[in-house]
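Remarks on the structure that follows.
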Amino acid sequence: MAEQPDVEIPVEDSNDDELETPGYKPPAKKTLEEIQQQDADDESLVRYKKTLLGQVEKLKDDGGPNVIVQKLNINMSGGPAMELDLTGELSQLKKKPFIFKEKAPYKVQITFRVQREIVAGLRYSQKTYRKGIKVDSAACMVGSYGPKVESYEYLTPEEETPSGLVARGHYNVKSQFLDDDKNVILEWEWAFEIKKDFA
């Protein structure tokens, strides 16, 4: 297949409306220290918070953002391992498209770490383009997470790649990881090609 020209993805507003709840307001931000000190005289709440937050005194802080998005994996039935390293040069990711088999079930797995403070309402969204035209968009609520040394892994619901002659070809994807306040934690572009098989 001939190499596809780079198509600039148009800038547009996020499609967060899919995840909006009318009347919902994000909770007030509190530091980890404030949360730990709150209700310090209630033994059961102190134990509960320790269960949720773990050993906060052993946290590893590498500096930089509170949430570090490390990698994105495509888990496709019968296919090879597909991984994007999101800690390196993001502008290079779309130059090496994944090969997707048509009509194959797959899940997207995102690995991330929370360093210092609790992050509320994480969400993952992606928009898929073909020849500069948006053909699909998806958004998933990932959840709220406390800081810890180990990485978290989030797996999206299973989907299936489209099939047929019209579906085959090159696609560009714009992905975003956001928090409850719609702050963009990380944004990156990548690409894939749908073929009859993985070869």
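Note on naming: chains are A, B, ... as they come in the structure tokens, residues start from 1 per chain, ligands start from 1 in the order shown.
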Quick one: residues within 8 Å of Arg116 of chain A, only C-alpha atoms, excluding same-chain residues fewer than 5 positions away - as a list in words? Leu32, Leu59, Asp61, Asn66, Pro147 and Lys148 of chain A
The selected residues should be written to file as a JSON list (two decimals), in the first residue's frame (atoms: N, CA, C and O atoms).
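Written output follows (result-v8.json):
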[["chain", "number", "residue", "atom", "x", "y", "z"],
["A", 32, "LEU", "N", -3.64, 16.28, 49.44],
["A", 32, "LEU", "CA", -3.60, 14.99, 50.13],
["A", 32, "LEU", "C", -3.51, 15.20, 51.64],
["A", 32, "LEU", "O", -4.15, 14.51, 52.43],
["A", 59, "LEU", "N", 5.42, 7.51, 48.54],
["A", 59, "LEU", "CA", 5.16, 7.92, 47.16],
["A", 59, "LEU", "C", 6.44, 8.34, 46.45],
["A", 59, "LEU", "O", 7.35, 8.89, 47.06],
["A", 61, "ASP", "N", 7.87, 10.73, 43.56],
["A", 61, "ASP", "CA", 7.54, 11.94, 42.80],
["A", 61, "ASP", "C", 8.69, 12.25, 41.85],
["A", 61, "ASP", "O", 9.78, 12.60, 42.28],
["A", 66, "ASN", "N", 1.16, 15.94, 37.76],
["A", 66, "ASN", "CA", 0.68, 15.00, 38.77],
["A", 66, "ASN", "C", 0.34, 13.65, 38.15],
["A", 66, "ASN", "O", 0.61, 12.60, 38.73],
["A", 147, "PRO", "N", -2.76, 8.96, 44.53],
["A", 147, "PRO", "CA", -1.35, 8.74, 44.18],
["A", 147, "PRO", "C", -0.84, 7.41, 44.72],
["A", 147, "PRO", "O", -1.25, 6.97, 45.79],
["A", 148, "LYS", "N", 0.02, 6.76, 43.95],
["A", 148, "LYS", "CA", 0.71, 5.56, 44.42],
["A", 148, "LYS", "C", 1.93, 5.30, 43.55],
["A", 148, "LYS", "O", 2.06, 5.86, 42.46]]
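Minimum atom-to-atom distance to Leu122 of chain A, evaluated using only C-alpha atoms, belongs to A:Leu178 out of A:Ile194, A:Ala104, A:Leu178, A:Leu155.
Contact shell of segment 186-190 of chain A at 7 Å (only C-alpha atoms; same-chain neighbours under 6 positions omitted): Leu90, Leu93, Lys94, Pro97, Asn172, Val173, Lys174, Ser175, Gln176 and Phe177 of chain A.
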For the residues selected in the previous step, produce a file with N, CA, C and O atoms as a PDB file, in the first residue's frame.
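Result file is part.pdb:
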ATOM      1  N   LEU A  90       6.208  12.607  21.121  1.00  0.00           N
ATOM      2  CA  LEU A  90       4.837  12.317  20.678  1.00  0.00           C
ATOM      3  C   LEU A  90       4.601  12.631  19.208  1.00  0.00           C
ATOM      4  O   LEU A  90       3.756  12.000  18.571  1.00  0.00           O
ATOM      5  N   LEU A  93       4.703   9.596  16.704  1.00  0.00           N
ATOM      6  CA  LEU A  93       3.800   8.449  16.824  1.00  0.00           C
ATOM      7  C   LEU A  93       2.951   8.203  15.577  1.00  0.00           C
ATOM      8  O   LEU A  93       2.739   7.064  15.184  1.00  0.00           O
ATOM      9  N   LYS A  94       2.479   9.262  14.949  1.00  0.00           N
ATOM     10  CA  LYS A  94       1.582   9.082  13.794  1.00  0.00           C
ATOM     11  C   LYS A  94       2.320   8.641  12.530  1.00  0.00           C
ATOM     12  O   LYS A  94       1.695   8.284  11.542  1.00  0.00           O
ATOM     13  N   PRO A  97       2.090   3.846  11.610  1.00  0.00           N
ATOM     14  CA  PRO A  97       0.726   3.351  11.855  1.00  0.00           C
ATOM     15  C   PRO A  97       0.685   1.870  12.229  1.00  0.00           C
ATOM     16  O   PRO A  97       1.480   1.068  11.741  1.00  0.00           O
ATOM     17  N   ASN A 172      -6.151   8.567  10.949  1.00  0.00           N
ATOM     18  CA  ASN A 172      -5.424   9.317  11.970  1.00  0.00           C
ATOM     19  C   ASN A 172      -6.320   9.455  13.193  1.00  0.00           C
ATOM     20  O   ASN A 172      -7.532   9.637  13.064  1.00  0.00           O
ATOM     21  N   VAL A 173      -5.701   9.375  14.370  1.00  0.00           N
ATOM     22  CA  VAL A 173      -6.455   9.453  15.625  1.00  0.00           C
ATOM     23  C   VAL A 173      -5.856  10.548  16.495  1.00  0.00           C
ATOM     24  O   VAL A 173      -4.634  10.661  16.627  1.00  0.00           O
ATOM     25  N   LYS A 174      -6.734  11.355  17.092  1.00  0.00           N
ATOM     26  CA  LYS A 174      -6.318  12.365  18.067  1.00  0.00           C
ATOM     27  C   LYS A 174      -6.866  11.925  19.423  1.00  0.00           C
ATOM     28  O   LYS A 174      -8.081  11.822  19.602  1.00  0.00           O
ATOM     29  N   SER A 175      -5.974  11.621  20.351  1.00  0.00           N
ATOM     30  CA  SER A 175      -6.370  11.144  21.678  1.00  0.00           C
ATOM     31  C   SER A 175      -6.086  12.199  22.736  1.00  0.00           C
ATOM     32  O   SER A 175      -5.127  12.965  22.618  1.00  0.00           O
ATOM     33  N   GLN A 176      -6.931  12.202  23.773  1.00  0.00           N
ATOM     34  CA  GLN A 176      -6.758  13.124  24.899  1.00  0.00           C
ATOM     35  C   GLN A 176      -7.034  12.391  26.205  1.00  0.00           C
ATOM     36  O   GLN A 176      -7.890  11.518  26.274  1.00  0.00           O
ATOM     37  N   PHE A 177      -6.283  12.774  27.221  1.00  0.00           N
ATOM     38  CA  PHE A 177      -6.524  12.326  28.590  1.00  0.00           C
ATOM     39  C   PHE A 177      -6.803  13.596  29.375  1.00  0.00           C
ATOM     40  O   PHE A 177      -5.970  14.514  29.385  1.00  0.00           O
TER      41      PHE A 177
END
10 Å contact set for Lys134 of chain A, only C-alpha atoms, chain neighbours under 2 positions out, as JSON, numbers by chain: {"A": [9, 10, 127, 128, 129, 130, 131, 132, 136, 137, 171, 172, 173]}
Write out as an mmCIF file with N, CA, C and O atoms, in the first residue's frame all residues of segment 52-199 of chain A that DSSP puts in strand (DSSP E or B) for this structure's backbone.
data_model
loop_
_atom_site.group_PDB
_atom_site.id
_atom_site.type_symbol
_atom_site.label_atom_id
_atom_site.label_comp_id
_atom_site.auth_asym_id
_atom_site.auth_seq_id
_atom_site.Cartn_x
_atom_site.Cartn_y
_atom_site.Cartn_z
ATOM 1 N N VAL A 67 -0.244 13.660 36.948
ATOM 2 C CA VAL A 67 -0.598 12.417 36.252
ATOM 3 C C VAL A 67 0.363 12.238 35.082
ATOM 4 O O VAL A 67 0.502 13.125 34.240
ATOM 5 N N ILE A 68 1.021 11.089 35.042
ATOM 6 C CA ILE A 68 1.940 10.775 33.947
ATOM 7 C C ILE A 68 1.323 9.644 33.132
ATOM 8 O O ILE A 68 1.167 8.524 33.621
ATOM 9 N N VAL A 69 0.937 9.955 31.892
ATOM 10 C CA VAL A 69 0.381 8.935 30.996
ATOM 11 C C VAL A 69 1.579 8.260 30.333
ATOM 12 O O VAL A 69 2.371 8.914 29.655
ATOM 13 N N GLN A 70 1.717 6.948 30.552
ATOM 14 C CA GLN A 70 2.933 6.247 30.142
ATOM 15 C C GLN A 70 2.830 5.547 28.792
ATOM 16 O O GLN A 70 3.749 5.622 27.991
ATOM 17 N N LYS A 71 1.739 4.837 28.555
ATOM 18 C CA LYS A 71 1.636 4.119 27.283
ATOM 19 C C LYS A 71 0.190 3.797 26.940
ATOM 20 O O LYS A 71 -0.687 3.800 27.795
ATOM 21 N N LEU A 72 -0.004 3.524 25.658
ATOM 22 C CA LEU A 72 -1.295 3.085 25.139
ATOM 23 C C LEU A 72 -1.044 1.778 24.386
ATOM 24 O O LEU A 72 -0.131 1.703 23.568
ATOM 25 N N ASN A 73 -1.815 0.756 24.731
ATOM 26 C CA ASN A 73 -1.713 -0.538 24.055
ATOM 27 C C ASN A 73 -3.018 -0.832 23.337
ATOM 28 O O ASN A 73 -4.091 -0.508 23.850
ATOM 29 N N ILE A 74 -2.916 -1.453 22.175
ATOM 30 C CA ILE A 74 -4.089 -1.966 21.478
ATOM 31 C C ILE A 74 -4.059 -3.478 21.643
ATOM 32 O O ILE A 74 -3.113 -4.137 21.200
ATOM 33 N N ASN A 75 -5.053 -4.015 22.316
ATOM 34 C CA ASN A 75 -5.167 -5.460 22.501
ATOM 35 C C ASN A 75 -6.187 -5.971 21.496
ATOM 36 O O ASN A 75 -7.390 -5.866 21.715
ATOM 37 N N MET A 76 -5.691 -6.494 20.373
ATOM 38 C CA MET A 76 -6.561 -6.947 19.293
ATOM 39 C C MET A 76 -6.508 -8.461 19.189
ATOM 40 O O MET A 76 -5.423 -9.053 19.174
ATOM 41 N N MET A 82 0.691 -4.222 20.165
ATOM 42 C CA MET A 82 0.767 -2.864 19.621
ATOM 43 C C MET A 82 0.837 -1.887 20.782
ATOM 44 O O MET A 82 -0.080 -1.841 21.602
ATOM 45 N N GLU A 83 1.937 -1.136 20.866
ATOM 46 C CA GLU A 83 2.142 -0.237 21.995
ATOM 47 C C GLU A 83 2.699 1.104 21.549
ATOM 48 O O GLU A 83 3.598 1.178 20.725
ATOM 49 N N LEU A 84 2.131 2.162 22.116
ATOM 50 C CA LEU A 84 2.643 3.518 21.917
ATOM 51 C C LEU A 84 3.286 3.968 23.222
ATOM 52 O O LEU A 84 2.633 3.983 24.271
ATOM 53 N N ASP A 85 4.562 4.341 23.176
ATOM 54 C CA ASP A 85 5.245 4.901 24.334
ATOM 55 C C ASP A 85 4.890 6.386 24.389
ATOM 56 O O ASP A 85 5.260 7.152 23.499
ATOM 57 N N PHE A 98 -0.242 1.549 13.132
ATOM 58 C CA PHE A 98 -0.523 0.155 13.466
ATOM 59 C C PHE A 98 -1.291 -0.477 12.312
ATOM 60 O O PHE A 98 -1.989 0.215 11.572
ATOM 61 N N ILE A 99 -1.202 -1.786 12.178
ATOM 62 C CA ILE A 99 -2.013 -2.513 11.202
ATOM 63 C C ILE A 99 -3.142 -3.201 11.964
ATOM 64 O O ILE A 99 -2.900 -4.010 12.857
ATOM 65 N N PHE A 100 -4.375 -2.832 11.631
ATOM 66 C CA PHE A 100 -5.564 -3.444 12.229
ATOM 67 C C PHE A 100 -6.181 -4.391 11.216
ATOM 68 O O PHE A 100 -6.295 -4.052 10.036
ATOM 69 N N LYS A 101 -6.578 -5.548 11.687
ATOM 70 C CA LYS A 101 -7.308 -6.473 10.825
ATOM 71 C C LYS A 101 -8.776 -6.074 10.845
ATOM 72 O O LYS A 101 -9.329 -5.742 11.897
ATOM 73 N N PRO A 105 -12.136 -7.843 17.017
ATOM 74 C CA PRO A 105 -12.423 -7.197 18.298
ATOM 75 C C PRO A 105 -11.136 -6.675 18.949
ATOM 76 O O PRO A 105 -10.083 -7.298 18.826
ATOM 77 N N TYR A 106 -11.237 -5.529 19.601
ATOM 78 C CA TYR A 106 -10.054 -4.949 20.245
ATOM 79 C C TYR A 106 -10.466 -4.104 21.450
ATOM 80 O O TYR A 106 -11.617 -3.686 21.587
ATOM 81 N N LYS A 107 -9.482 -3.873 22.332
ATOM 82 C CA LYS A 107 -9.637 -2.956 23.463
ATOM 83 C C LYS A 107 -8.411 -2.065 23.515
ATOM 84 O O LYS A 107 -7.316 -2.485 23.142
ATOM 85 N N VAL A 108 -8.605 -0.838 23.982
ATOM 86 C CA VAL A 108 -7.493 0.090 24.181
ATOM 87 C C VAL A 108 -7.156 0.083 25.669
ATOM 88 O O VAL A 108 -8.043 0.202 26.517
ATOM 89 N N GLN A 109 -5.877 -0.084 25.976
ATOM 90 C CA GLN A 109 -5.428 -0.070 27.370
ATOM 91 C C GLN A 109 -4.493 1.114 27.581
ATOM 92 O O GLN A 109 -3.544 1.307 26.826
ATOM 93 N N ILE A 110 -4.778 1.911 28.613
ATOM 94 C CA ILE A 110 -3.950 3.076 28.919
ATOM 95 C C ILE A 110 -3.297 2.859 30.277
ATOM 96 O O ILE A 110 -3.972 2.493 31.250
ATOM 97 N N THR A 111 -1.985 3.070 30.337
ATOM 98 C CA THR A 111 -1.234 2.920 31.579
ATOM 99 C C THR A 111 -0.780 4.309 32.023
ATOM 100 O O THR A 111 -0.239 5.070 31.220
ATOM 101 N N PHE A 112 -1.047 4.623 33.297
ATOM 102 C CA PHE A 112 -0.699 5.955 33.816
ATOM 103 C C PHE A 112 -0.369 5.857 35.297
ATOM 104 O O PHE A 112 -0.709 4.884 35.966
ATOM 105 N N ARG A 113 0.287 6.879 35.799
ATOM 106 C CA ARG A 113 0.650 6.930 37.213
ATOM 107 C C ARG A 113 0.241 8.273 37.800
ATOM 108 O O ARG A 113 0.355 9.304 37.136
ATOM 109 N N VAL A 114 -0.254 8.245 39.039
ATOM 110 C CA VAL A 114 -0.617 9.462 39.765
ATOM 111 C C VAL A 114 0.452 9.662 40.835
ATOM 112 O O VAL A 114 0.685 8.766 41.645
ATOM 113 N N VAL A 119 -6.580 12.643 41.737
ATOM 114 C CA VAL A 119 -7.093 13.242 40.507
ATOM 115 C C VAL A 119 -8.515 12.715 40.298
ATOM 116 O O VAL A 119 -8.766 11.522 40.391
ATOM 117 N N ALA A 120 -9.443 13.649 40.078
ATOM 118 C CA ALA A 120 -10.864 13.283 39.968
ATOM 119 C C ALA A 120 -11.324 13.303 38.515
ATOM 120 O O ALA A 120 -10.924 14.156 37.733
ATOM 121 N N GLY A 121 -12.172 12.355 38.185
ATOM 122 C CA GLY A 121 -12.869 12.353 36.902
ATOM 123 C C GLY A 121 -11.983 12.250 35.684
ATOM 124 O O GLY A 121 -12.212 12.945 34.694
ATOM 125 N N LEU A 122 -10.975 11.388 35.721
ATOM 126 C CA LEU A 122 -10.157 11.197 34.526
ATOM 127 C C LEU A 122 -11.020 10.632 33.408
ATOM 128 O O LEU A 122 -11.894 9.796 33.640
ATOM 129 N N ARG A 123 -10.757 11.084 32.201
ATOM 130 C CA ARG A 123 -11.484 10.567 31.047
ATOM 131 C C ARG A 123 -10.547 10.462 29.851
ATOM 132 O O ARG A 123 -9.579 11.204 29.738
ATOM 133 N N TYR A 124 -10.857 9.509 28.978
ATOM 134 C CA TYR A 124 -10.083 9.314 27.752
ATOM 135 C C TYR A 124 -11.021 9.568 26.587
ATOM 136 O O TYR A 124 -12.148 9.070 26.561
ATOM 137 N N SER A 125 -10.568 10.357 25.636
ATOM 138 C CA SER A 125 -11.377 10.570 24.439
ATOM 139 C C SER A 125 -10.506 10.435 23.209
ATOM 140 O O SER A 125 -9.304 10.710 23.251
ATOM 141 N N GLN A 126 -11.112 9.967 22.128
ATOM 142 C CA GLN A 126 -10.372 9.903 20.868
ATOM 143 C C GLN A 126 -11.303 10.210 19.713
ATOM 144 O O GLN A 126 -12.486 9.895 19.744
ATOM 145 N N LYS A 127 -10.726 10.865 18.722
ATOM 146 C CA LYS A 127 -11.449 11.192 17.490
ATOM 147 C C LYS A 127 -10.668 10.596 16.338
ATOM 148 O O LYS A 127 -9.446 10.752 16.269
ATOM 149 N N THR A 128 -11.372 9.920 15.449
ATOM 150 C CA THR A 128 -10.732 9.233 14.333
ATOM 151 C C THR A 128 -11.072 9.946 13.032
ATOM 152 O O THR A 128 -12.232 10.285 12.789
ATOM 153 N N TYR A 129 -10.038 10.168 12.208
ATOM 154 C CA TYR A 129 -10.188 10.914 10.960
ATOM 155 C C TYR A 129 -9.706 10.070 9.776
ATOM 156 O O TYR A 129 -8.754 9.292 9.907
ATOM 157 N N ARG A 130 -10.369 10.278 8.652
ATOM 158 C CA ARG A 130 -9.913 9.674 7.404
ATOM 159 C C ARG A 130 -9.904 10.771 6.349
ATOM 160 O O ARG A 130 -10.925 11.412 6.109
ATOM 161 N N ILE A 133 -11.380 14.072 7.486
ATOM 162 C CA ILE A 133 -12.786 14.147 7.891
ATOM 163 C C ILE A 133 -13.007 13.236 9.100
ATOM 164 O O ILE A 133 -12.592 12.074 9.086
ATOM 165 N N LYS A 134 -13.656 13.775 10.146
ATOM 166 C CA LYS A 134 -13.918 12.969 11.334
ATOM 167 C C LYS A 134 -14.926 11.883 11.006
ATOM 168 O O LYS A 134 -16.015 12.164 10.528
ATOM 169 N N VAL A 135 -14.546 10.623 11.272
ATOM 170 C CA VAL A 135 -15.434 9.496 10.977
ATOM 171 C C VAL A 135 -15.935 8.802 12.237
ATOM 172 O O VAL A 135 -16.871 8.014 12.192
ATOM 173 N N ASP A 136 -15.310 9.095 13.385
ATOM 174 C CA ASP A 136 -15.735 8.446 14.624
ATOM 175 C C ASP A 136 -15.204 9.234 15.817
ATOM 176 O O ASP A 136 -14.165 9.892 15.723
ATOM 177 N N SER A 137 -15.919 9.166 16.928
ATOM 178 C CA SER A 137 -15.411 9.718 18.184
ATOM 179 C C SER A 137 -15.887 8.827 19.316
ATOM 180 O O SER A 137 -16.966 8.236 19.242
ATOM 181 N N ALA A 138 -15.064 8.716 20.341
ATOM 182 C CA ALA A 138 -15.396 7.889 21.498
ATOM 183 C C ALA A 138 -14.848 8.562 22.741
ATOM 184 O O ALA A 138 -13.817 9.240 22.693
ATOM 185 N N ALA A 139 -15.538 8.378 23.854
ATOM 186 C CA ALA A 139 -15.088 8.938 25.124
ATOM 187 C C ALA A 139 -15.431 7.958 26.236
ATOM 188 O O ALA A 139 -16.503 7.356 26.234
ATOM 189 N N CYS A 140 -14.506 7.768 27.168
ATOM 190 C CA CYS A 140 -14.704 6.846 28.293
ATOM 191 C C CYS A 140 -14.367 7.551 29.591
ATOM 192 O O CYS A 140 -13.348 8.243 29.674
ATOM 193 N N MET A 141 -15.206 7.355 30.611
ATOM 194 C CA MET A 141 -14.884 7.839 31.943
ATOM 195 C C MET A 141 -13.942 6.831 32.575
ATOM 196 O O MET A 141 -14.259 5.658 32.684
ATOM 197 N N VAL A 142 -12.746 7.282 32.923
ATOM 198 C CA VAL A 142 -11.726 6.391 33.487
ATOM 199 C C VAL A 142 -11.898 6.295 34.997
ATOM 200 O O VAL A 142 -11.774 5.230 35.592
ATOM 201 N N GLY A 143 -12.200 7.424 35.664
ATOM 202 C CA GLY A 143 -12.452 7.401 37.106
ATOM 203 C C GLY A 143 -11.545 8.341 37.877
ATOM 204 O O GLY A 143 -10.827 9.156 37.303
ATOM 205 N N SER A 144 -11.577 8.202 39.193
ATOM 206 C CA SER A 144 -10.761 9.018 40.090
ATOM 207 C C SER A 144 -9.728 8.130 40.766
ATOM 208 O O SER A 144 -10.036 6.996 41.136
ATOM 209 N N TYR A 145 -8.513 8.660 40.937
ATOM 210 C CA TYR A 145 -7.412 7.838 41.433
ATOM 211 C C TYR A 145 -6.555 8.614 42.413
ATOM 212 O O TYR A 145 -6.330 9.807 42.242
ATOM 213 N N TYR A 152 -1.403 2.602 37.195
ATOM 214 C CA TYR A 152 -2.770 2.125 36.983
ATOM 215 C C TYR A 152 -2.913 1.711 35.520
ATOM 216 O O TYR A 152 -2.232 2.246 34.643
ATOM 217 N N GLU A 153 -3.837 0.786 35.262
ATOM 218 C CA GLU A 153 -4.155 0.399 33.882
ATOM 219 C C GLU A 153 -5.658 0.497 33.694
ATOM 220 O O GLU A 153 -6.427 -0.005 34.515
ATOM 221 N N TYR A 154 -6.062 1.164 32.626
ATOM 222 C CA TYR A 154 -7.489 1.288 32.297
ATOM 223 C C TYR A 154 -7.725 0.631 30.946
ATOM 224 O O TYR A 154 -7.003 0.900 29.979
ATOM 225 N N LEU A 155 -8.741 -0.224 30.881
ATOM 226 C CA LEU A 155 -9.077 -0.935 29.651
ATOM 227 C C LEU A 155 -10.449 -0.475 29.174
ATOM 228 O O LEU A 155 -11.429 -0.518 29.924
ATOM 229 N N GLU A 159 -14.482 -3.098 21.271
ATOM 230 C CA GLU A 159 -15.088 -2.626 20.031
ATOM 231 C C GLU A 159 -14.612 -3.532 18.905
ATOM 232 O O GLU A 159 -13.763 -4.399 19.113
ATOM 233 N N GLU A 160 -15.148 -3.312 17.717
ATOM 234 C CA GLU A 160 -14.748 -4.120 16.564
ATOM 235 C C GLU A 160 -14.374 -3.199 15.408
ATOM 236 O O GLU A 160 -15.063 -2.207 15.156
ATOM 237 N N GLY A 169 -7.997 1.123 4.759
ATOM 238 C CA GLY A 169 -7.215 2.318 4.443
ATOM 239 C C GLY A 169 -6.570 2.923 5.671
ATOM 240 O O GLY A 169 -6.514 2.310 6.741
ATOM 241 N N HIS A 170 -6.109 4.156 5.528
ATOM 242 C CA HIS A 170 -5.325 4.866 6.548
ATOM 243 C C HIS A 170 -6.222 5.789 7.381
ATOM 244 O O HIS A 170 -7.055 6.504 6.832
ATOM 245 N N TYR A 171 -6.003 5.787 8.706
ATOM 246 C CA TYR A 171 -6.770 6.624 9.630
ATOM 247 C C TYR A 171 -5.798 7.347 10.571
ATOM 248 O O TYR A 171 -4.772 6.790 10.964
ATOM 249 N N ASN A 172 -6.151 8.567 10.949
ATOM 250 C CA ASN A 172 -5.424 9.317 11.970
ATOM 251 C C ASN A 172 -6.320 9.455 13.193
ATOM 252 O O ASN A 172 -7.532 9.637 13.064
ATOM 253 N N VAL A 173 -5.701 9.375 14.370
ATOM 254 C CA VAL A 173 -6.455 9.453 15.625
ATOM 255 C C VAL A 173 -5.856 10.548 16.495
ATOM 256 O O VAL A 173 -4.634 10.661 16.627
ATOM 257 N N LYS A 174 -6.734 11.355 17.092
ATOM 258 C CA LYS A 174 -6.318 12.365 18.067
ATOM 259 C C LYS A 174 -6.866 11.925 19.423
ATOM 260 O O LYS A 174 -8.081 11.822 19.602
ATOM 261 N N SER A 175 -5.974 11.621 20.351
ATOM 262 C CA SER A 175 -6.370 11.144 21.678
ATOM 263 C C SER A 175 -6.086 12.199 22.736
ATOM 264 O O SER A 175 -5.127 12.965 22.618
ATOM 265 N N GLN A 176 -6.931 12.202 23.773
ATOM 266 C CA GLN A 176 -6.758 13.124 24.899
ATOM 267 C C GLN A 176 -7.034 12.391 26.205
ATOM 268 O O GLN A 176 -7.890 11.518 26.274
ATOM 269 N N PHE A 177 -6.283 12.774 27.221
ATOM 270 C CA PHE A 177 -6.524 12.326 28.590
ATOM 271 C C PHE A 177 -6.803 13.596 29.375
ATOM 272 O O PHE A 177 -5.970 14.514 29.385
ATOM 273 N N LEU A 178 -7.990 13.702 29.995
ATOM 274 C CA LEU A 178 -8.408 14.931 30.687
ATOM 275 C C LEU A 178 -8.829 14.621 32.110
ATOM 276 O O LEU A 178 -9.137 13.479 32.446
ATOM 277 N N VAL A 184 -6.364 19.334 30.014
ATOM 278 C CA VAL A 184 -5.777 18.290 29.170
ATOM 279 C C VAL A 184 -4.470 17.842 29.812
ATOM 280 O O VAL A 184 -3.520 18.607 29.920
ATOM 281 N N ILE A 185 -4.429 16.600 30.258
ATOM 282 C CA ILE A 185 -3.240 16.033 30.879
ATOM 283 C C ILE A 185 -2.238 15.642 29.804
ATOM 284 O O ILE A 185 -1.045 15.890 29.926
ATOM 285 N N LEU A 186 -2.741 15.019 28.743
ATOM 286 C CA LEU A 186 -1.878 14.659 27.611
ATOM 287 C C LEU A 186 -2.734 14.572 26.357
ATOM 288 O O LEU A 186 -3.882 14.117 26.407
ATOM 289 N N GLU A 187 -2.145 14.992 25.263
ATOM 290 C CA GLU A 187 -2.820 14.942 23.966
ATOM 291 C C GLU A 187 -1.801 14.412 22.957
ATOM 292 O O GLU A 187 -0.658 14.837 22.963
ATOM 293 N N TRP A 188 -2.205 13.465 22.138
ATOM 294 C CA TRP A 188 -1.276 12.903 21.167
ATOM 295 C C TRP A 188 -2.032 12.414 19.940
ATOM 296 O O TRP A 188 -3.223 12.185 19.981
ATOM 297 N N GLU A 189 -1.302 12.276 18.848
ATOM 298 C CA GLU A 189 -1.876 11.766 17.601
ATOM 299 C C GLU A 189 -1.154 10.489 17.213
ATOM 300 O O GLU A 189 0.060 10.360 17.412
ATOM 301 N N TRP A 190 -1.905 9.559 16.674
ATOM 302 C CA TRP A 190 -1.337 8.308 16.196
ATOM 303 C C TRP A 190 -2.133 7.857 14.977
ATOM 304 O O TRP A 190 -3.064 8.548 14.563
ATOM 305 N N ALA A 191 -1.752 6.744 14.383
ATOM 306 C CA ALA A 191 -2.396 6.334 13.135
ATOM 307 C C ALA A 191 -2.511 4.815 13.063
ATOM 308 O O ALA A 191 -1.780 4.085 13.739
ATOM 309 N N PHE A 192 -3.445 4.377 12.229
ATOM 310 C CA PHE A 192 -3.565 2.943 11.961
ATOM 311 C C PHE A 192 -4.079 2.744 10.541
ATOM 312 O O PHE A 192 -4.626 3.655 9.922
ATOM 313 N N GLU A 193 -3.875 1.545 10.044
ATOM 314 C CA GLU A 193 -4.395 1.159 8.738
ATOM 315 C C GLU A 193 -5.233 -0.098 8.910
ATOM 316 O O GLU A 193 -4.817 -1.033 9.599
ATOM 317 N N ILE A 194 -6.416 -0.103 8.319
ATOM 318 C CA ILE A 194 -7.253 -1.311 8.334
ATOM 319 C C ILE A 194 -6.968 -2.093 7.066
ATOM 320 O O ILE A 194 -7.036 -1.557 5.959
ATOM 321 N N LYS A 195 -6.614 -3.369 7.257
ATOM 322 C CA LYS A 195 -6.324 -4.257 6.128
ATOM 323 C C LYS A 195 -7.104 -5.553 6.302
ATOM 324 O O LYS A 195 -7.701 -5.792 7.350
#
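With only C-alpha atoms as the basis for measurement, A:Glu102 is the residue among A:Asp42, A:Glu102, A:Ser163, A:Gly64 that approaches Gly78 of chain A most closely.
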Record the distance separating atom CA of Glu89 of chain A and atom CA of Pro162 of chain A, expressed in Å with one decimal.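 One can read the atom CA of Glu89 of chain A to atom CA of Pro162 of chain A distance as 29.6 Å.
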